[in-house]
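Q: Just passing along the structure, written as structure tokens.
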Amino acid sequence: MEKKLYTIQVYSENVVGVLNLVTAVFTRNQVNIESLNVSPSGIPNVHKYTVTVITDEAQVKKLIKQIERKVDVIKSSYYLEEEIFVSELALFKVSTPAVLSNPEISRIVRHSGAKILEVNETYTTMQICVKPDAVTELYKKLTKFKCILQYSRSGVVAITRDKVERVSEFLKEQENQQFSFLEEGINEEEC
């Protein structure tokens with residue numbers, strides 16, 4: 001099967017150790033994680049893990065099944081690039097003397113859409129928030145000038161193009177099932 005970049009979103013309860021459980025699934029299956037971002041989701045007490053991997057569809061389906069078997073995992077889904085909006089934040093600290101002495105570096109920075117955060121006589125700090133490929137491209141361009149003093153990137157953050165969030169639908173279904181079980185239990189007690 002053809003290998004592609006997949007973005008996996010995992011929603012879990014906010015408990016200690018879930019990240020370890022999730023990443024262990026990738027390790028056991030010998031799938032390298034390209035990017036990992038963990039943050040609170042828009043749902044109270046639920047965390048969201050965004051993981052990017054390069055693999056084939058059969059493997060990503062296997063990963064999803066294994067992740068969803070973990071006790072504290074609520075829901076897991078995978079997406080191709082066209083099914084999701086992605087962005088990544090990167091911070092660059094570059095040499096101010098190099099930037100001032102070479103107009104090409106300034107041109108590259110301006111065309112990248114980077115925002116300048118601080119300039120002093122030693123360094124210039126900037127941030128860029130774009131697709132991961134654009135972050136990599138800017139890094140490669142600046143590396144040619146040997147002007148990068150420090151560099152850091154956040155990992156991919158993503159939201160789906162779905163009209164309704166899959167985890168929200170899943171949680172509503174779970175709530176409805178619990179309500180119907182409770183309702184059935186009340187009706188049996190009345191008999």
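Numbering starts fresh at 1 for the residues of each chain in the structure tokens, the chains themselves are lettered A, B, ... in the order given, and ligands are numbered from 1 as they appear.
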Write down as a PyMOL selection string the residues belonging to stretch 53-165 of chain A that are assigned strand (DSSP E) by DSSP computed on the backbone.

A: chain A and resi 53-55+73-79+84-95+115-119+123-130+148-153+157-160

Q: Write down as a PyMOL selection string the residues belonging to chain A that are assigned helix (DSSP H, G or I) by DSSP computed on the backbone.

A: chain A and resi 18-28+57-68+81-83+96-101+103-112+132-143+166-190

Q: Per residue of stretch 140-160 of chain A within 12 Å of stretch 9-31 of chain A, which atom pair is closest and at what distance in Å (one decimal), using only C-alpha atoms, listed by chain and increasing number, as a Markdown table?

A:
```
| residue | atom | partner | partner_atom | distance |
| --- | --- | --- | --- | --- |
| A:Val156 | CA | A:Gln9 | CA | 10.8 |
| A:Val157 | CA | A:Gln9 | CA | 9.7 |
| A:Ala158 | CA | A:Gln9 | CA | 8.4 |
| A:Ile159 | CA | A:Gln9 | CA | 9.0 |
| A:Thr160 | CA | A:Gln9 | CA | 9.4 |
```

Q: Can you check which parts of stretch 1-87 of chain A lie within 10 Å of stretch 112-132 of chain A? Per residue, the shortest pair of atoms and distance in Å to one decimal, counting only C-alpha atoms, sorted by chain and number, as a Markdown table.

A:
```
| residue | atom | partner | partner_atom | distance |
| --- | --- | --- | --- | --- |
| A:Ser35 | CA | A:Pro132 | CA | 9.7 |
| A:Phe85 | CA | A:Lys131 | CA | 8.8 |
| A:Val86 | CA | A:Lys131 | CA | 6.1 |
| A:Ser87 | CA | A:Lys131 | CA | 4.6 |
```

Q: Which value, in Å to one decimal, gives the distance between atom CA of A:Gln66 and atom CA of A:Val53?

A: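 Separation between atom CA of A:Gln66 and atom CA of A:Val53: 15.3 Å.
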
Q: Using only C-alpha atoms, which residue out of A:Tyr6, A:Lys163, A:Leu142, A:Thr55 lies closest to A:Glu104?

A: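 Ranking A:Tyr6, A:Lys163, A:Leu142, A:Thr55 by distance to A:Glu104, first place goes to A:Leu142.
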
Q: Determine the nearest neighbour of A:Gln150 from the options A:Ile108, A:Val46, A:Val99, A:Ala90, counting only C-alpha atoms.

A: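 Comparing A:Ile108, A:Val46, A:Val99, A:Ala90 against A:Gln150, the winner is A:Ala90.
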